[in-house]
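**Q** Just passing along the structure, written as structure tokens.
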Amino acid sequence: MSKLQTPRGTRDFLPIDSIKRETVFGKIRKVFEAYGYDPFETPAFEFWEILGVKCGEEIREQIYRFKDKGGRELGLRYDLTVPLARVIASDPTLPKPFKRYCISRVWRYERPQAGRFREFWQADADIVGSNHAESDAEAMAIGTDCMISLGLEKFHIRLNSRKILEGLSRAAGVPKEKVFDSFRAIDKLDKIGIEGVRGELANRGIKEEAIQKLLEFVLIEGSSEEILEKAEQLMAGTDVGIEGIHEIKEILELSRAFGIKDRIKVDLSLARGLDYYTGSVFEIIYEGEKQVGSLAGGGRYDDLVELYGGSRSPAIGISLGIERIIEILNEEGKFPSKKTNVKVFVAPTSDELRTKAIEVSQILRREGIQTEIDHAERKLKKIFEIASTQEIPFVVIVGPRELEKEKVTVRNMVQQVQEEVNIKDLPEFFENIFT
């Protein structure tokens, strides 16, 4: 293995890739902020005792765990929700509901494959301190608007409740102490199929009769309303399950106001893998030709803050999988061709004019116009070639004849035309073009 390779499951992002990613981040950030969420950041690593709480056995095995030089047990964060819960628990003065978003890196030690890496980015929006169904519907609306903003309009939302799953498990005869085990097994349905889940449930000590009933229950088909009605009949007398049914019905009703009702499909087999979920859970499933699984998901985690010693703080959040989203956008050619953010290349025609070229560059930069200047004393013809290759739309030529009139020549590299512009008028000239 080359010493210059990145560790397995990690990547470098050259400008052409980073520009695409920043485009995605920008569109998602705009949606988050439109809903009133503010930016929020936490450290890349946490104390192990923080990360190990309620993540589930599979995730626990994937956490990058290590000791620092002082012998303290630490780990790289595996999601952006647990650090949020720690902050909320540690600071009771934060106003509630607390709405935040975070777009950042997380790490999990798992087998790299298409759309899945060991270091990857997530974009999360969470609201802490609200137990109202409006918050659940809003989380799904945020995901919907993000997908539409990115040009990914072919998708639906799978919706379920951990409370309904618990009710179904009990109605099927799963012992109370095995309910979480049933969640973990059902969560693998898309990966290992029905027979695989059947084997997982059996290996966890659940009896065959209960397994058969549970699988029949979670695979009920029909409209969302029909599925909920059938589930309610199956769970008659099971308080937690009935409570989940009523909550999902309320979320569905509110989703009409958000304009997303037609995208939602109740799916009783949806479990989500993290143990900290307590109520509604959902996933956004892309319906394009390439099957990549969910592009986003989330749910309600009403007990997590309390687990870290804080006061009870009901919470709901959504997490968008940046890597899968970018994979789809690349696959479907939805990214514009863009090799650089530079809009103007300033080129002095001689080294004697370099100082003046720098002054011209600074005028543009201070107006927020992305500007490059030649640093290698190249000929004008070569600079034109570079601008064309990099798809920089304009070259500003700083020459002696033009400078006598306090002007420069602006060359449009797309249209292959040029004109003289007064230096003092350059910001307005480009503002009219770029806005």
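Labels for the structure tokens follow display order: chains A, B, ..., residues from 1 in each chain, ligands from 1.
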Which polymer residues have any atom within 10 Å of an atom of segment 284-290 of chain A, counting only C-alpha atoms, with same-chain residues fewer than 6 positions away left out, as JSON, numbers by chain?

**A** {"A": [140, 143, 144, 147, 152, 153, 154, 155, 156, 157, 158, 159, 263, 264, 296, 297, 298, 318, 320, 325, 327, 328, 331, 332]}

**Q** Which of segment 56-199 of chain A counts as helix (DSSP H, G or I) under DSSP, as a VMD selection string please?

**A** chain A and resid 57 to 62 81 to 90 133 to 149 162 to 172 176 to 186 189 to 199

**Q** When you look at segment 314-317 of chain A with a cut-off of 12 Å (counting only C-alpha atoms), what residues show up, excluding the ones that are within fewer than 4 positions of it in the same chain? I need them as a PyMOL selection string.

**A** chain A and resi 32+37+79-82+84-85+88-89+96-102+123-143+276-283+296-307+310

**Q** Could you save the residues just selected, with C-alpha atoms, as a short mmCIF file (atom, residue, chain, number, x, y, z; two decimals), in the first residue's frame?

**A**
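Contents of part_9.cif, freshly written:
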data_model
loop_
_atom_site.label_atom_id
_atom_site.label_comp_id
_atom_site.auth_asym_id
_atom_site.auth_seq_id
_atom_site.Cartn_x
_atom_site.Cartn_y
_atom_site.Cartn_z
CA PHE A 32 -32.74 24.66 7.38
CA TYR A 37 -32.92 26.58 12.62
CA ASP A 79 -23.68 10.88 14.55
CA LEU A 80 -24.59 14.50 15.28
CA THR A 81 -27.49 13.80 17.65
CA VAL A 82 -25.70 12.42 20.71
CA LEU A 84 -26.50 17.70 20.82
CA ALA A 85 -28.16 15.77 23.65
CA ILE A 88 -28.75 20.27 26.09
CA ALA A 89 -28.26 18.17 29.24
CA LYS A 96 -36.77 25.68 24.51
CA PRO A 97 -37.79 24.69 21.96
CA PHE A 98 -34.17 24.75 20.81
CA LYS A 99 -33.80 24.51 17.03
CA ARG A 100 -30.39 23.82 15.55
CA TYR A 101 -28.73 22.47 12.42
CA CYS A 102 -25.30 20.99 11.91
CA ALA A 123 -26.69 17.36 7.63
CA ASP A 124 -28.95 17.39 10.68
CA ALA A 125 -31.81 19.59 11.84
CA ASP A 126 -33.29 19.02 15.30
CA ILE A 127 -35.86 20.61 17.56
CA VAL A 128 -35.47 19.93 21.30
CA GLY A 129 -38.19 20.72 23.82
CA SER A 130 -41.30 20.04 21.75
CA ASN A 131 -43.49 16.94 21.98
CA HIS A 132 -46.04 18.29 19.50
CA ALA A 133 -46.75 16.31 16.32
CA GLU A 134 -46.18 19.52 14.37
CA SER A 135 -42.45 19.10 15.05
CA ASP A 136 -42.48 15.58 13.57
CA ALA A 137 -44.30 16.78 10.45
CA GLU A 138 -41.91 19.74 10.18
CA ALA A 139 -38.87 17.43 10.23
CA MET A 140 -40.28 15.52 7.25
CA ALA A 141 -41.18 18.79 5.50
CA ILE A 142 -37.58 19.96 5.90
CA GLY A 143 -36.35 16.76 4.30
CA TYR A 276 -32.44 6.01 21.32
CA TYR A 277 -35.55 6.43 19.15
CA THR A 278 -38.76 6.51 21.21
CA GLY A 279 -41.61 7.51 18.89
CA SER A 280 -42.05 8.38 15.21
CA VAL A 281 -39.33 7.24 12.81
CA PHE A 282 -39.09 8.01 9.12
CA GLU A 283 -36.89 7.67 6.05
CA ALA A 296 -32.40 10.87 4.82
CA GLY A 297 -33.98 9.65 8.00
CA GLY A 298 -34.79 10.57 11.52
CA GLY A 299 -37.18 10.24 14.38
CA ARG A 300 -38.19 11.19 17.87
CA TYR A 301 -35.79 10.66 20.78
CA ASP A 302 -37.62 11.94 23.84
CA ASP A 303 -35.45 10.24 26.50
CA LEU A 304 -31.92 10.91 25.26
CA VAL A 305 -31.27 14.22 27.02
CA GLU A 306 -32.52 12.75 30.30
CA LEU A 307 -30.13 9.80 29.90
CA GLY A 310 -30.64 16.64 31.90
#

**Q** Which is closer to Glu247 of chain A than all the others in A:Lys334, A:Lys191, A:Arg162, A:Lys176, using only C-alpha atoms?

**A**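 Going through A:Lys334, A:Lys191, A:Arg162, A:Lys176 one by one, the smallest distance to Glu247 of chain A is for A:Arg162.
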
**Q** Would you work out the distance separating atom CA of Val31 of chain A from atom CA of Ile19 of chain A, expressed in Å to one decimal?

**A**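 Pair atom CA of Val31 of chain A / atom CA of Ile19 of chain A returns 18.7 Å.
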
**Q** So what do you get for atom CA of Val218 of chain A versus atom CA of Ser169 of chain A, distance-wise?

**A**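 About the pair atom CA of Val218 of chain A and atom CA of Ser169 of chain A: they are 9.2 Å apart.
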
**Q** Would you please give, as a PyMOL selection string, all residues of segment 322-386 of chain A that DSSP assigns to strand (DSSP E) based on the backbone?

**A** chain A and resi 344-348+371-373

**Q** By how many Å are atom CA of Thr23 of chain A and atom CA of Ile322 of chain A apart?

**A**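 These two atoms are separated by 11.4 Å.
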
**Q** Which is closest to Val53 of chain A among A:Asp275, A:Arg118, A:Arg108, A:Phe183, if we use only C-alpha atoms?

**A**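 Looking at the shortest contact to Val53 of chain A, the residue is A:Asp275.
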
**Q** Would you please work out which residue, of A:Glu372, A:Glu46, A:Glu406, A:Asp17, is nearest to Pro393 of chain A when using only C-alpha atoms?

**A**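 Between A:Glu372, A:Glu46, A:Glu406, A:Asp17, the residue approaching Pro393 of chain A most closely is A:Glu372.
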
**Q** So which one's closest to Leu165 of chain A, A:Leu94, A:Gly259, A:Thr238, A:Ala271? Using only C-alpha atoms, please.

**A** A:Ala271

**Q** When you look at Ile220 of chain A with a cut-off of 9 Å (counting only C-alpha atoms), what residues show up, excluding the ones that are within fewer than 2 positions of it in the same chain? I need them as a PyMOL selection string.

**A** chain A and resi 215-218+222+227+230-231+267-269

**Q** Convert the current residue selection to file output with C-alpha atoms, as a compact mmCIF listing (two decimals), in the first residue's frame.

**A**
# COMPACT_ATOMS: atom_id res chain seq x y z
CA LEU A 215 -43.48 -10.66 10.57
CA GLU A 216 -47.10 -10.88 9.46
CA PHE A 217 -47.89 -7.75 11.47
CA VAL A 218 -45.04 -5.57 10.20
CA GLY A 222 -52.56 -1.02 2.11
CA ILE A 227 -52.46 -0.06 7.72
CA LYS A 230 -55.38 -2.98 10.94
CA ALA A 231 -52.53 -2.35 13.38
CA ASP A 267 -44.62 1.24 6.78
CA LEU A 268 -44.78 -0.92 9.91
CA SER A 269 -41.48 -2.63 9.04

**Q** Between A:Ile194, A:Ile326, A:Ala376, A:Val414, which is the closest to Ser18 of chain A once you count only C-alpha atoms?

**A** A:Ile326

**Q** Of the residues A:Ile383, A:Val240, A:Phe47, A:Arg8, which is the one nearest to Asp68 of chain A, using only C-alpha atoms?

**A**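 The closest residue to Asp68 of chain A is A:Phe47.
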